[in-house]
>>> print(open('work03.txt').read())   # compact mmCIF, C-alpha atoms
# COMPACT_ATOMS: atom_id res chain seq x y z
CA MET T 107 110.71 122.09 85.10
CA VAL T 108 111.46 121.88 88.81
CA ARG T 109 114.11 124.30 90.06
CA LEU T 110 116.31 122.36 92.45
CA PRO T 111 118.01 123.94 95.44
CA ALA T 112 121.74 124.32 95.75
CA PRO T 113 123.50 121.44 97.53
CA GLN T 114 123.33 121.65 101.28
CA ALA T 115 126.30 123.12 103.10
CA GLY T 116 129.14 120.64 103.28
CA ALA T 117 127.75 118.34 100.59
CA ASP T 118 130.61 116.18 99.40
CA ALA T 119 131.26 115.80 95.69
CA ALA T 120 130.94 112.17 94.57
CA GLY T 121 134.08 110.29 93.76
CA HIS T 122 137.37 108.99 95.04
CA ARG T 123 139.81 111.35 96.72
CA PRO T 124 143.26 109.88 97.23
CA THR T 125 144.06 112.50 99.89
CA ARG T 126 140.78 112.08 101.78
CA PRO T 127 140.60 109.35 104.44
CA VAL T 128 137.56 107.12 104.69
CA THR T 129 135.16 108.25 107.42
CA ALA T 130 134.49 105.49 109.94
CA THR T 131 131.46 106.28 112.12
CA PRO T 132 130.95 103.70 114.86
CA GLU T 133 128.45 105.94 116.67
CA TRP T 134 125.04 106.43 115.10
CA PRO T 135 124.21 110.09 114.25
CA ALA T 136 122.01 111.63 116.93
CA THR T 137 119.72 113.52 114.52
CA ARG T 138 118.03 113.11 111.13
CA ASP T 139 120.24 115.88 109.73
CA GLY T 140 123.33 114.08 111.01
CA LEU T 141 122.34 110.92 109.15
CA ILE T 142 121.37 112.79 105.97
CA ALA T 143 124.76 114.54 106.05
CA LEU T 144 126.33 111.13 105.41
CA TYR T 145 124.12 110.64 102.33
CA PRO T 146 123.72 114.22 101.07
CA ARG T 147 122.25 115.66 97.90
CA MET T 148 125.21 115.98 95.58
CA PRO T 149 126.47 119.05 93.67
CA GLU T 150 126.23 117.14 90.38
CA PRO T 151 123.58 114.77 88.96
CA THR T 152 123.96 111.42 90.71
CA LEU T 153 122.43 107.95 90.41
CA ARG T 154 122.64 106.05 93.69
CA VAL T 155 121.78 102.41 94.20
CA ASN T 156 120.70 101.11 97.61
CA PHE T 157 120.89 97.42 98.48
CA ILE T 158 121.10 95.08 101.45
CA ALA T 159 122.89 91.73 101.54
CA GLY T 160 123.95 89.15 104.11
CA VAL T 161 127.58 88.63 105.03
CA ASP T 162 127.60 85.64 102.63
CA GLY T 163 126.27 87.85 99.83
CA ALA T 164 122.70 86.59 100.04
CA LEU T 165 120.18 89.03 98.60
CA THR T 166 117.12 87.66 100.40
CA VAL T 167 115.88 85.38 103.17
CA ASP T 168 112.89 83.26 102.17
CA GLY T 169 112.70 85.23 98.95
CA LEU T 170 112.41 88.70 100.51
CA SER T 171 114.91 91.37 101.53
CA ALA T 172 112.95 92.03 104.73
CA GLY T 173 114.58 89.00 106.35
CA LEU T 174 117.95 90.76 106.20
CA GLN T 175 116.88 94.02 107.80
CA GLY T 176 118.11 95.14 111.21
CA PRO T 177 118.85 98.19 113.38
CA GLY T 178 119.48 101.35 111.36
CA ASP T 179 118.52 99.94 107.97
CA LYS T 180 115.12 101.61 107.78
CA GLU T 181 116.51 104.97 108.88
CA ILE T 182 119.01 104.95 106.00
CA PHE T 183 116.38 103.59 103.60
CA ASP T 184 114.06 106.47 104.54
CA GLY T 185 116.89 109.02 104.49
CA LEU T 186 117.93 108.10 100.96
CA ARG T 187 114.33 108.46 99.80
CA THR T 188 114.07 111.79 101.57
CA VAL T 189 116.92 113.40 99.63
CA CYS T 190 116.22 111.93 96.16
CA ASP T 191 114.31 113.53 93.30
CA ALA T 192 113.19 110.23 91.76
CA LEU T 193 113.05 106.63 92.99
CA ILE T 194 113.67 103.97 90.32
CA VAL T 195 112.57 100.36 90.90
CA GLY T 196 112.25 97.33 88.62
CA ALA T 197 108.82 95.77 88.14
CA GLY T 198 109.92 92.43 89.62
CA THR T 199 110.89 94.14 92.87
CA ILE T 200 107.63 96.12 92.86
CA ARG T 201 105.71 92.82 92.70
CA ALA T 202 107.92 90.70 95.00
CA GLU T 203 108.21 93.30 97.75
CA ASN T 204 104.58 94.49 97.31
CA TYR T 205 105.55 98.16 97.11
CA ASP T 206 103.25 100.74 98.65
CA ALA T 207 102.79 104.26 97.37
CA LEU T 208 105.80 106.55 97.69
CA ARG T 209 104.38 108.82 100.38
CA LEU T 210 107.24 109.34 102.89
CA THR T 211 106.78 110.22 106.56
CA PRO T 212 105.50 113.65 107.65
CA GLU T 213 109.00 114.42 108.97
CA ALA T 214 110.61 113.53 105.64
CA ARG T 215 108.09 115.61 103.71
CA ALA T 216 108.71 118.56 106.04
CA TRP T 217 112.47 118.22 105.46
CA ARG T 218 111.95 118.24 101.70
CA THR T 219 109.72 121.30 101.64
CA ALA T 220 112.09 123.11 104.01
CA HIS T 221 114.89 122.46 101.51
CA GLY T 222 112.91 123.67 98.50
CA LEU T 223 112.01 120.23 97.14
CA PRO T 224 108.61 118.89 96.04
CA GLU T 225 106.82 117.12 98.88
CA PHE T 226 107.17 113.74 97.16
CA PRO T 227 109.85 112.31 94.86
CA LEU T 228 108.88 110.89 91.48
CA MET T 229 108.22 107.14 91.41
CA VAL T 230 109.72 105.43 88.34
CA ILE T 231 109.08 101.78 87.49
CA VAL T 232 111.08 99.92 84.83
CA SER T 233 109.15 97.05 83.19
CA ARG T 234 109.69 95.15 79.95
CA SER T 235 106.29 93.43 79.95
CA LEU T 236 104.07 95.86 81.90
CA ASN T 237 102.99 92.94 84.07
CA LEU T 238 101.82 95.39 86.72
CA ASP T 239 98.65 95.55 88.79
CA PRO T 240 97.04 99.01 88.62
CA GLY T 241 95.26 98.19 91.89
CA GLN T 242 98.55 97.82 93.79
CA LEU T 243 99.04 100.67 96.24
CA VAL T 244 102.14 101.91 94.41
CA PHE T 245 99.61 103.04 91.76
CA ALA T 246 96.25 103.21 93.52
CA ASP T 247 97.44 105.30 96.48
CA ALA T 248 100.18 107.30 94.75
CA PRO T 249 100.30 111.03 95.60
CA VAL T 250 101.95 111.55 92.18
CA PRO T 251 101.22 109.07 89.34
CA PRO T 252 104.28 106.87 88.73
CA ILE T 253 106.27 106.99 85.52
CA VAL T 254 106.54 103.53 83.92
CA VAL T 255 109.43 103.01 81.49
CA THR T 256 108.99 100.12 79.08
CA ARG T 257 109.88 98.90 75.58
CA PRO T 258 108.00 100.08 72.50
CA GLY T 259 104.82 98.30 71.46
CA VAL T 260 103.70 96.94 74.83
CA ASP T 261 99.98 97.29 75.60
CA ALA T 262 99.65 99.87 78.39
CA ALA T 263 95.87 100.27 78.38
CA HIS T 264 95.51 98.81 81.91
CA LEU T 265 97.70 101.59 83.33
CA LYS T 266 95.73 104.45 81.81
CA GLY T 267 94.88 107.01 84.47
CA VAL T 268 97.24 105.57 87.12
CA ALA T 269 100.65 106.04 85.48
CA GLU T 270 102.53 107.87 82.75
CA VAL T 271 103.98 105.28 80.37
CA VAL T 272 107.18 106.11 78.47
CA ASP T 273 108.03 103.53 75.82
CA ASP T 274 110.74 105.03 73.65
CA VAL T 275 113.83 105.28 75.89
CA ASP T 276 116.56 102.93 77.08
CA LEU T 277 118.06 103.26 80.57
CA ALA T 278 120.42 106.06 79.52
CA GLY T 279 117.49 107.82 77.87
CA MET T 280 115.45 107.35 81.04
CA VAL T 281 118.14 109.04 83.12
CA THR T 282 118.34 111.91 80.62
CA MET T 283 114.53 112.25 80.59
CA LEU T 284 114.38 112.43 84.38
CA ARG T 285 117.17 114.99 84.56
CA ASP T 286 115.45 117.06 81.88
CA ARG T 287 112.44 117.10 84.23
CA GLY T 288 114.60 118.45 87.04
CA ALA T 289 115.31 115.13 88.80
CA ALA T 290 119.09 115.30 89.28
CA GLN T 291 119.34 113.04 92.34
CA LEU T 292 118.22 109.53 91.36
CA LEU T 293 117.89 106.56 93.70
CA CYS T 294 117.50 102.94 92.55
CA GLU T 295 116.32 100.20 94.94
CA GLY T 296 116.77 97.31 92.52
CA GLY T 297 116.19 94.63 91.70
CA PRO T 298 119.33 92.78 90.65
CA SER T 299 118.52 92.72 86.91
CA LEU T 300 117.94 96.45 86.82
CA PHE T 301 121.11 97.08 88.84
CA GLY T 302 123.09 94.85 86.47
CA ASP T 303 121.71 96.69 83.44
CA LEU T 304 122.55 100.06 85.00
CA ILE T 305 126.13 98.86 85.59
CA ALA T 306 126.37 97.62 82.00
CA ALA T 307 125.14 101.02 80.78
CA ASP T 308 127.76 102.74 82.99
CA LEU T 309 125.12 104.80 84.79
CA VAL T 310 125.83 104.01 88.46
CA ASP T 311 127.58 106.76 90.45
CA GLU T 312 127.13 105.45 94.01
CA LEU T 313 126.32 102.25 95.85
CA CYS T 314 124.93 102.37 99.37
CA LEU T 315 125.33 98.83 100.68
CA THR T 316 123.97 97.50 103.95
CA VAL T 317 125.67 94.33 105.17
CA SER T 318 123.45 92.29 107.47
CA PRO T 319 125.12 89.95 110.00
CA LEU T 320 123.35 86.86 108.63
CA LEU T 321 124.55 83.71 106.88
CA ALA T 322 121.53 82.97 104.72
CA GLY T 323 122.90 80.37 102.31
CA GLY T 324 120.31 78.72 100.13
CA SER T 325 119.60 79.84 96.58
CA ALA T 326 119.50 83.60 97.18
CA GLY T 327 121.09 85.54 94.31
CA ARG T 328 123.59 88.39 94.26
CA ILE T 329 122.64 92.08 94.25
CA ALA T 330 123.43 92.57 90.55
CA HIS T 331 123.35 90.34 87.49
CA GLY T 332 123.34 91.24 83.82
CA PRO T 333 125.56 91.47 80.74
CA ASP T 334 129.27 90.89 81.18
CA GLY T 335 131.43 93.98 80.95
CA PRO T 336 134.38 95.82 82.48
CA ALA T 337 134.61 96.19 86.24
CA ARG T 338 134.18 99.74 87.55
CA ARG T 339 136.44 100.98 90.32
CA MET T 340 134.59 102.38 93.35
CA ALA T 341 135.95 104.36 96.29
CA LEU T 342 134.78 103.77 99.86
CA ARG T 343 133.43 107.03 101.25
CA HIS T 344 132.24 106.04 104.71
CA VAL T 345 131.63 103.16 107.09
CA LEU T 346 128.70 103.42 109.49
CA ILE T 347 127.98 100.87 112.21
CA ARG T 348 124.91 100.15 114.29
CA GLU T 349 125.07 97.10 116.52
CA ASP T 350 126.19 94.37 114.08
CA MET T 351 124.81 96.09 110.95
CA LEU T 352 127.38 97.62 108.58
CA PHE T 353 126.52 100.51 106.23
CA LEU T 354 128.92 101.28 103.39
CA ARG T 355 128.85 104.10 100.84
CA TYR T 356 130.88 103.75 97.67
CA ALA T 357 131.25 106.38 94.93
CA ARG T 358 132.92 106.66 91.54
CA LYS T 359 135.27 109.38 90.40
CA PHE T 360 133.92 112.12 88.14
CA ARG T 361 132.89 110.97 84.67
CA THR T 362 135.54 113.21 83.12
CA GLY T 363 138.22 111.14 84.83
CA ARG T 364 139.36 114.14 86.89
CA PHE T 365 139.42 113.83 90.64
CA PRO T 366 137.67 116.58 92.64
CA ASP T 367 139.71 119.12 94.54
CA PRO T 368 140.03 117.93 98.18
CA ARG T 369 139.74 121.56 99.28
CA ALA T 370 136.25 121.89 97.74
CA SER T 371 134.45 120.09 100.58
CA THR T 372 134.29 120.49 104.32
CA CYS T 373 133.35 116.83 104.92
>>> encode(input="work03.txt", output="structure tokens")
Amino acid sequence: MVRLPAPQAGADAAGHRPTRPVTATPEWPATRDGLIALYPRMPEPTLRVNFIAGVDGALTVDGLSAGLQGPGDKEIFDGLRTVCDALIVGAGTIRAENYDALRLTPEARAWRTAHGLPEFPLMVIVSRSLNLDPGQLVFADAPVPPIVVTRPGVDAAHLKGVAEVVDDVDLAGMVTMLRDRGAAQLLCEGGPSLFGDLIAADLVDELCLTVSPLLAGGSAGRIAHGPDGPARRMALRHVLIREDMLFLRYARKFRTGRFPDPRASTC
């Protein structure tokens, strides 16, 4: 069990606050800590999802999200990874985006150790078929062997020695398993099927959405697709701008249905 540190000073509890105005930040934070303060570790267990889309909703350009990236996107991408305990990614995204090992920059690792966190987050891959290449760097160069969550009965022999395979949990069970291991702050980077399934399972607490100033058109899909179900109300927490890139953070109210006390945060 990993003992997690207390939330950093000023960490804002997730959820909508009717009395709290949205923070609009047209000027980019001058320091790493200033940026992380906008995406802090939360007082309660939280599952964040991070996505980028064009202004027309396009998920990719020429089949990859890299075509949508612009100023500031990588800094937020890295910052979200810095503060998480576990990174969750679907196997299709691992293959399509050719994921490397989850190593982080020296500066990010220093920040984590200074805040009482393990040097590296856990890497968690969700795969129904285990169509995964053990030679891909996400496995072969991993500082900590990834956890692969799959359905029962799938042959996992090719991943022996490079990953821990868990085959008896659904997505809710996966979240519980990770939290039982001390991973309270979870970050999901997609893809759309996994995001849609997390929405359907009512597991998403936050969405960090980057809007790229591109009209991509074409056949690019949306950031989430999955089973039909009720819409979940989100609250806009902040708006961050860098050149023409727009960075939005949405959060849900507490699972109990109670809104947090506005006096409990200094943000």
>>> closest_residue(input="work03.txt", among="T:Ile347, T:Ala326, T:Ile253, T:Ala192", to="Gly288 in chain T", atoms="all atoms listed in the file")
T:Ala192
>>> residues_around(input="work03.txt", residues="range 271-281 of chain T", least_positions_apart="5", cutoff="10 Å", atoms="only C-alpha atoms", output="MDAnalysis selection string")
chainID T and resid 151:153 194 230:234 236 252:260 262:263 265:266 286:287 289:290 292 300 303:304 307:309
>>> closest_residue(input="work03.txt", among="T:Pro333, T:Ala248, T:Leu228, T:Glu181", to="Ser299 in chain T", atoms="only C-alpha atoms")
T:Pro333
>>> closest_residue(input="work03.txt", among="T:Val167, T:Leu193, T:Asp139, T:Arg358", to="Gly324 in chain T", atoms="all atoms listed in the file")
T:Val167
>>> residues_near_point(input="work03.txt", point="(112.5, 94.8, 97.1)", cutoff="10 Å", atoms="only C-alpha atoms", output="list of chain:residue names")
T:Phe157, T:Ile158, T:Leu165, T:Thr166, T:Gly169, T:Leu170, T:Ser171, T:Ala172, T:Val195, T:Gly196, T:Ala197, T:Gly198, T:Thr199, T:Ile200, T:Arg201, T:Ala202, T:Glu203, T:Asn204, T:Tyr205, T:Glu295, T:Gly296, T:Gly297, T:Pro298
>>> atom_distance(input="work03.txt", atom1="CA of Met148 in chain T", atom2="CA of Glu225 in chain T")
18.7 Å
>>> atom_distance(input="work03.txt", atom1="CA of Pro149 in chain T", atom2="CA of Leu354 in chain T")
20.4 Å
>>> closest_residue(input="work03.txt", among="T:Asp179, T:Asp261, T:Asp247, T:Asp311", to="Ser235 in chain T", atoms="all atoms listed in the file")
T:Asp261
>>> atom_distance(input="work03.txt", atom1="CA of Pro212 in chain T", atom2="CA of Gly178 in chain T")
19.0 Å
>>> residues_around(input="work03.txt", residues="Ala164 in chain T", least_positions_apart="2", cutoff="10 Å", atoms="all atoms listed in the file", output="NGL selection string")
:T and (158-162 or 166-167 or 171 or 174 or 317-318 or 320-329)
>>> residues_around(input="work03.txt", residues="Val250 in chain T", least_positions_apart="5", cutoff="12 Å", atoms="only C-alpha atoms", output="list in words")
Ala192, Ala207, Leu208, Arg209, Pro224, Glu225, Phe226, Pro227, Leu228, Met229, Val230, Leu243, Val244, Phe245, Gly267, Val268, Ala269 and Glu270 of chain T
>>> build_atoms(input="work03.txt", residues="range 303-314 of chain T", atoms="all heavy atoms", output="mmCIF file, keeping the file's coordinate frame")
data_model
loop_
_atom_site.group_PDB
_atom_site.id
_atom_site.type_symbol
_atom_site.label_atom_id
_atom_site.label_comp_id
_atom_site.auth_asym_id
_atom_site.auth_seq_id
_atom_site.Cartn_x
_atom_site.Cartn_y
_atom_site.Cartn_z
ATOM 1 N N ASP T 303 121.843 95.933 84.697
ATOM 2 C CA ASP T 303 121.710 96.690 83.440
ATOM 3 C C ASP T 303 122.236 98.118 83.597
ATOM 4 O O ASP T 303 122.823 98.675 82.665
ATOM 5 C CB ASP T 303 120.250 96.711 83.000
ATOM 6 C CG ASP T 303 119.765 95.363 82.479
ATOM 7 O OD1 ASP T 303 120.621 94.499 82.171
ATOM 8 O OD2 ASP T 303 118.540 95.160 82.414
ATOM 9 N N LEU T 304 122.020 98.720 84.763
ATOM 10 C CA LEU T 304 122.550 100.060 85.000
ATOM 11 C C LEU T 304 124.081 100.049 85.030
ATOM 12 O O LEU T 304 124.730 100.974 84.529
ATOM 13 C CB LEU T 304 122.013 100.617 86.324
ATOM 14 C CG LEU T 304 120.526 100.992 86.346
ATOM 15 C CD1 LEU T 304 120.078 101.273 87.778
ATOM 16 C CD2 LEU T 304 120.237 102.199 85.459
ATOM 17 N N ILE T 305 124.671 98.991 85.608
ATOM 18 C CA ILE T 305 126.130 98.860 85.590
ATOM 19 C C ILE T 305 126.623 98.720 84.161
ATOM 20 O O ILE T 305 127.582 99.386 83.736
ATOM 21 C CB ILE T 305 126.569 97.657 86.443
ATOM 22 C CG1 ILE T 305 126.280 97.900 87.927
ATOM 23 C CG2 ILE T 305 128.070 97.377 86.241
ATOM 24 C CD1 ILE T 305 126.495 96.680 88.805
ATOM 25 N N ALA T 306 125.965 97.848 83.392
ATOM 26 C CA ALA T 306 126.370 97.620 82.000
ATOM 27 C C ALA T 306 126.282 98.900 81.177
ATOM 28 O O ALA T 306 127.102 99.119 80.271
ATOM 29 C CB ALA T 306 125.520 96.520 81.383
ATOM 30 N N ALA T 307 125.303 99.742 81.491
ATOM 31 C CA ALA T 307 125.140 101.020 80.780
ATOM 32 C C ALA T 307 126.022 102.117 81.349
ATOM 33 O O ALA T 307 125.971 103.258 80.878
ATOM 34 C CB ALA T 307 123.669 101.444 80.829
ATOM 35 N N ASP T 308 126.820 101.797 82.372
ATOM 36 C CA ASP T 308 127.760 102.740 82.990
ATOM 37 C C ASP T 308 127.052 103.964 83.554
ATOM 38 O O ASP T 308 127.495 105.102 83.400
ATOM 39 C CB ASP T 308 128.820 103.177 81.971
ATOM 40 C CG ASP T 308 130.065 103.751 82.646
ATOM 41 O OD1 ASP T 308 130.349 103.377 83.806
ATOM 42 O OD2 ASP T 308 130.756 104.573 82.018
ATOM 43 N N LEU T 309 125.942 103.716 84.263
ATOM 44 C CA LEU T 309 125.120 104.800 84.790
ATOM 45 C C LEU T 309 125.207 104.948 86.304
ATOM 46 O O LEU T 309 124.676 105.918 86.854
ATOM 47 C CB LEU T 309 123.650 104.583 84.391
ATOM 48 C CG LEU T 309 123.354 104.652 82.892
ATOM 49 C CD1 LEU T 309 121.935 104.185 82.613
ATOM 50 C CD2 LEU T 309 123.563 106.073 82.369
ATOM 51 N N VAL T 310 125.842 104.012 86.995
ATOM 52 C CA VAL T 310 125.830 104.010 88.460
ATOM 53 C C VAL T 310 126.966 104.896 88.991
ATOM 54 O O VAL T 310 128.133 104.691 88.660
ATOM 55 C CB VAL T 310 125.974 102.582 89.012
ATOM 56 C CG1 VAL T 310 126.034 102.602 90.541
ATOM 57 C CG2 VAL T 310 124.822 101.711 88.530
ATOM 58 N N ASP T 311 126.596 105.864 89.833
ATOM 59 C CA ASP T 311 127.580 106.760 90.450
ATOM 60 C C ASP T 311 127.909 106.358 91.887
ATOM 61 O O ASP T 311 129.024 106.567 92.351
ATOM 62 C CB ASP T 311 127.049 108.198 90.468
ATOM 63 C CG ASP T 311 126.788 108.729 89.072
ATOM 64 O OD1 ASP T 311 127.736 108.744 88.263
ATOM 65 O OD2 ASP T 311 125.640 109.102 88.775
ATOM 66 N N GLU T 312 126.919 105.822 92.613
ATOM 67 C CA GLU T 312 127.130 105.450 94.010
ATOM 68 C C GLU T 312 126.416 104.143 94.328
ATOM 69 O O GLU T 312 125.376 103.832 93.736
ATOM 70 C CB GLU T 312 126.591 106.519 94.971
ATOM 71 C CG GLU T 312 127.372 107.813 94.984
ATOM 72 C CD GLU T 312 127.024 108.676 96.206
ATOM 73 O OE1 GLU T 312 126.432 108.182 97.175
ATOM 74 O OE2 GLU T 312 127.377 109.861 96.156
ATOM 75 N N LEU T 313 126.981 103.409 95.271
ATOM 76 C CA LEU T 313 126.320 102.250 95.850
ATOM 77 C C LEU T 313 126.302 102.404 97.362
ATOM 78 O O LEU T 313 127.349 102.572 97.986
ATOM 79 C CB LEU T 313 127.034 100.950 95.482
ATOM 80 C CG LEU T 313 126.538 99.696 96.220
ATOM 81 C CD1 LEU T 313 125.087 99.393 95.893
ATOM 82 C CD2 LEU T 313 127.427 98.494 95.907
ATOM 83 N N CYS T 314 125.100 102.385 97.924
ATOM 84 C CA CYS T 314 124.930 102.370 99.370
ATOM 85 C C CYS T 314 124.558 100.940 99.754
ATOM 86 O O CYS T 314 123.471 100.462 99.425
ATOM 87 C CB CYS T 314 123.836 103.356 99.793
ATOM 88 S SG CYS T 314 124.215 105.067 99.339
#
